[in-house]
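> Pasting a structure here, questions to come.
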Amino acid sequence: MTSISSASPAFTGKDPDHRLFGPLPDVQGEAGYTESHPARVGFFTDTSVCIGCKACEVACKEWNTLPMDDSHGTRDTMGLSGMSYDNTGQLGANSWRHVAFIEQVRTVDLPMPTFGRPGDDRQGSSPSPAAHDHPDAQAHAQASVLNAEALSEFDPQTGQSGTDKQVRWLMSSDVCKHCTHAGCLDVCPTGALFRTEFGTVVVQQDICNGCGYCVPACPYGVIDRREDDGRVFKCTMCYDRLTDGLMPACATACPTQSIQFGDLDELQARADARLATLQSQGVETARLYGRDEDDGVGGNGAFFLLLDEPEVYGLPPDPIVTTRELPAMWRAAGKAAVMIVGAAVGAVLSSRRPQ
Amino acid sequence: MTEGIATPGGGWRRADGPPAETRKKKRKGGRRGRGEVAMVDDVEFTSYYGRPIIKPPVWKTPEVPLYLFFGGAAGSAAVLGALGEFTRRPVMTRSAHLFAGGGALASVVLLVADLGRPERFLHMLRVFKPTSPLSVGTYILSPFSGLAVATAGLHVLGRWPVLRRLAGVGSAVFAGPLATYTGVLLANTAVPSWHAAGTQLPYVFGASGMAAGGGITMALTPVEEAAPARRLAVTGAVVELAMMQKVETDHGIVSEPYHEGKAGRLLRAAKACTAAGAAVTVAAGRRRAGAVLGGALLAAGSALTRFGVYEAGMASARDPKYTVVPQRERMAARAVADHASTVTS
């Protein structure tokens, strides 16, 4: 452990190209680790195969001994949110995984009511006819269990309701993004938040003094303060398990491999392939979120495959690390400070001296 | 981006839930004329059950807004005091320094009280991080408060004038940054209405500090010595009103929270107090009663500005609209720019 691992890449003296934002190929190296550090790890959460079982939430609570919260983050209360199967509500100090549930409908133009297996009647009105026009579509469908055909045939995420409506459930297990440029880490004034040798972002609970600055600094609203404790808490990507060579609890518990853990490079390649598969099968709404290293936070250590716009899942569509704009703000503060002294000097000089 | 702001791909839309998550809001035409970015009349956006995306700050109120106020006012007073030392204004110097010392002490107490673990305040001093305005602020407030309290103490003791002058000048060096860094402190967050105004808030807070520090010094000083305090106060009030006007109009939808609800009421009251305080100071600042009234109004206006700006940020953090819509606009603008560059190349 070096003494500068809580520093932003801006001030480690290595002067990389992207100090406050943009891609950083070696985020641990920028944080001061020697070249022999382990590879950067991450989560790839493929929401197209999430079944909303919340095993990840439970495993996380169990392993990290997190207290109970209701859907508004109120400690030690149990309550139903009344908005869906989601009674966790949000990520917070005591919820480091949060499964979002969204029920959606769309109207389809069908000639007549149909019966039978869900999906059988979708042949003429699937999201895109591309999958059927493609001669290899059937081969693709058989080659992979986790493809769009299989989803539409067997998965409750897309079903038929009545004659002119399709219904689908979106389920997504949200988590701390372990950003390449982490706002929480940048603004932490005590160095409690630090970059681990795995490239993740973790709070040292014996250092945190509960200033709360990281809470509004996170563009995703992940980290939060435990009010009766005074300190902030968030996902550690099971730092304790990682150091012992184990997978994080949530990824271990996930029964559908919706949460995949591994080296970030490998996960990114896997996600790109998965996206290509889905798109070739006509799932036009699939997109990767947090994968782009040119985004406002330099890419996420924990990224997602989503089936709708990010904000539908409660994710910001175009997050930026707040410190990207900090140099301009510091310049303004410097000039404003000069303004005060200048105005005071002017006020004194322009006033007649008392006798 | 081929989809509009609220059209998720594939025609899917939310099946259930309250209407809150997809809201239409008609802009009242012309209510916010010039600063408005002409893009959409209806603001339509999607969210997860209307829940906020970012977490609102967990800072305590009134501790933090009061800290912002005292920091600014004490900082400006310390500058006035240091200048007064060398221009034969002993009473103004003394009152400015006494207020600066008291304000500095109050700032430290308020900041420590805001911590979740106040007994760990010193953990702030184990690192120095220019990326953290709170860390930088700690290294501004600590020397400032030490020097300002020492200066005030030496005034009370009435001894060692050379030491007192040194301490006074030392505190004045940190005073300007103390008054303006708090703007960066708020702006360097994901809170939309603060972040967007990131290069304006330091001026607002600095000028507001000038109005309050000058006004309070003026109120505590015999009028014949208080001319610099009056001028600093009026200058601060004018700049504060002008800069606040920019904050409230320059930023499209994220300027909205500065007009609405509690924040809007606080900021309207702030403007009334500041403008009235400046007017009273100009008209009657050379009479004792006028100086006291003007100073009190300016201080109240400055404090209300901090509370109003604080509340506006809280409101913008609680409503996902202010997070989603500006980000969508940013993406749309980028898409247009990308398209333009591919067409021309």
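Residue numbering restarts at 1 in every chain; chains get A, B, ... in the order shown in the structure tokens, and ligands count up from 1 in that same order.
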Can you list, as a ChimeraX atom specification, every protein, DNA or RNA residue that comes within 12 Å of Pro25 of chain A when you count only C-alpha atoms, leaving out same-chain residues fewer than 2 positions away?
/A:9,16-19,22-23,27-31,39-40,180-181,199,264-265,293-294,298-299,301
> Using only C-alpha atoms, find the residues of chain B whose closest atom to chain A is at most 6 Å away, then write them as number ranges by chain.
B: 8-9, 11-15, 46-48, 53-57, 115-117, 120, 123-124, 131-132, 134-135, 176-177, 180-181, 184, 188-190, 198-199, 202-203, 227-228, 231-232, 327
> Can you pull out every residue within 8 Å of Gly42 of chain A, counting only C-alpha atoms, but drop anything in the same chain fewer than 4 positions away, and send it as a PyMOL selection string?
chain A and resi 178+200+261-264+267+301-303
> Env of Ala233 of chain B: 8 Å cut, atoms = only C-alpha atoms, seq-sep filter 5 positions within chain, self excluded. Answer as an mmCIF file with all heavy atoms, in the first residue's frame.

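out_26.cif written:
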data_model
loop_
_atom_site.group_PDB
_atom_site.id
_atom_site.type_symbol
_atom_site.label_atom_id
_atom_site.label_comp_id
_atom_site.auth_asym_id
_atom_site.auth_seq_id
_atom_site.Cartn_x
_atom_site.Cartn_y
_atom_site.Cartn_z
ATOM 1 N N MET B 210 -18.512 40.100 0.830
ATOM 2 C CA MET B 210 -18.150 41.518 0.901
ATOM 3 C C MET B 210 -19.306 42.333 1.470
ATOM 4 O O MET B 210 -19.112 43.216 2.328
ATOM 5 C CB MET B 210 -17.807 42.042 -0.500
ATOM 6 C CG MET B 210 -16.409 41.705 -0.965
ATOM 7 S SD MET B 210 -16.245 41.678 -2.766
ATOM 8 C CE MET B 210 -16.699 43.331 -3.217
ATOM 9 N N ALA B 211 -20.522 42.056 0.983
ATOM 10 C CA ALA B 211 -21.688 42.799 1.456
ATOM 11 C C ALA B 211 -21.879 42.581 2.957
ATOM 12 O O ALA B 211 -22.092 43.536 3.712
ATOM 13 C CB ALA B 211 -22.930 42.363 0.685
ATOM 14 N N ALA B 212 -21.782 41.317 3.381
ATOM 15 C CA ALA B 212 -22.029 41.016 4.791
ATOM 16 C C ALA B 212 -20.882 41.511 5.670
ATOM 17 O O ALA B 212 -21.108 42.164 6.695
ATOM 18 C CB ALA B 212 -22.219 39.508 4.974
ATOM 19 N N GLY B 213 -19.632 41.217 5.274
ATOM 20 C CA GLY B 213 -18.481 41.623 6.082
ATOM 21 C C GLY B 213 -18.373 43.134 6.168
ATOM 22 O O GLY B 213 -18.148 43.700 7.250
ATOM 23 N N GLY B 214 -18.561 43.794 5.003
ATOM 24 C CA GLY B 214 -18.534 45.254 5.000
ATOM 25 C C GLY B 214 -19.676 45.823 5.819
ATOM 26 O O GLY B 214 -19.490 46.761 6.605
ATOM 27 N N GLY B 215 -20.860 45.237 5.643
ATOM 28 C CA GLY B 215 -22.039 45.744 6.343
ATOM 29 C C GLY B 215 -21.914 45.605 7.849
ATOM 30 O O GLY B 215 -22.223 46.546 8.599
ATOM 31 N N ALA B 278 -28.244 47.954 0.555
ATOM 32 C CA ALA B 278 -27.357 48.817 -0.227
ATOM 33 C C ALA B 278 -27.939 50.214 -0.323
ATOM 34 O O ALA B 278 -27.228 51.223 -0.182
ATOM 35 C CB ALA B 278 -27.143 48.208 -1.612
ATOM 36 N N LEU B 298 -27.888 44.008 4.962
ATOM 37 C CA LEU B 298 -26.926 43.360 4.069
ATOM 38 C C LEU B 298 -26.525 41.985 4.602
ATOM 39 O O LEU B 298 -26.405 41.025 3.843
ATOM 40 C CB LEU B 298 -25.691 44.242 3.906
ATOM 41 C CG LEU B 298 -25.888 45.483 3.025
ATOM 42 C CD1 LEU B 298 -24.694 46.410 3.142
ATOM 43 C CD2 LEU B 298 -26.095 45.075 1.577
#
> Hey, which of B:Leu125, B:Val173, B:Leu166, B:Ala226 ends up closest to Val91 of chain B? Count only C-alpha atoms.
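For Val91 of chain B, the nearest of the given residues is B:Ala226.
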> Enumerate as a PyMOL selection string all residues of segment 217-345 of chain A assigned to strand (DSSP E or B) by DSSP on the backbone, naming them with the chain letters and numbers the document uses.
chain A and resi 224-225+232-233+259-263+287-289+296+300+302-306+320
> Store the residues picked out above, limited to C-alpha atoms, as a CSV table (one decimal), in the first residue's frame.

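Listing of result.csv after writing:
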chain,number,residue,atom,x,y,z
A,224,ASP,CA,-24.6,7.3,1.2
A,225,ARG,CA,-24.2,8.1,4.8
A,232,VAL,CA,-20.5,6.6,4.5
A,233,PHE,CA,-20.7,3.1,3.0
A,259,ILE,CA,-23.7,-10.6,-12.8
A,260,GLN,CA,-20.4,-11.6,-14.2
A,261,PHE,CA,-17.2,-10.9,-12.4
A,262,GLY,CA,-13.7,-11.0,-13.9
A,263,ASP,CA,-10.8,-9.0,-15.3
A,287,ARG,CA,-27.0,-1.2,-25.4
A,288,LEU,CA,-24.0,-1.2,-23.2
A,289,TYR,CA,-23.8,1.3,-20.3
A,296,GLY,CA,-17.7,11.4,-18.6
A,300,ASN,CA,-17.0,2.1,-15.3
A,302,ALA,CA,-18.9,-2.2,-13.2
A,303,PHE,CA,-20.9,-1.8,-16.4
A,304,PHE,CA,-24.2,-3.0,-17.8
A,305,LEU,CA,-26.1,-4.3,-20.8
A,306,LEU,CA,-29.4,-2.6,-20.7
A,320,ILE,CA,-19.6,13.1,-15.8
> Calculate how many Å separate atom CA of Lys54 of chain A from atom CA of Ser173 of chain A, rounding to one decimal.
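Rounded to one decimal, the two atoms are 8.0 Å apart.
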> Just list as a VMD selection string whatever in segment 65-277 of chain B DSSP marks as helix (DSSP H, G or I).
chain B and resid 65 to 85 90 to 114 118 to 126 133 to 157 161 to 187 192 to 195 201 to 219 227 to 249 252 to 258 261 to 277
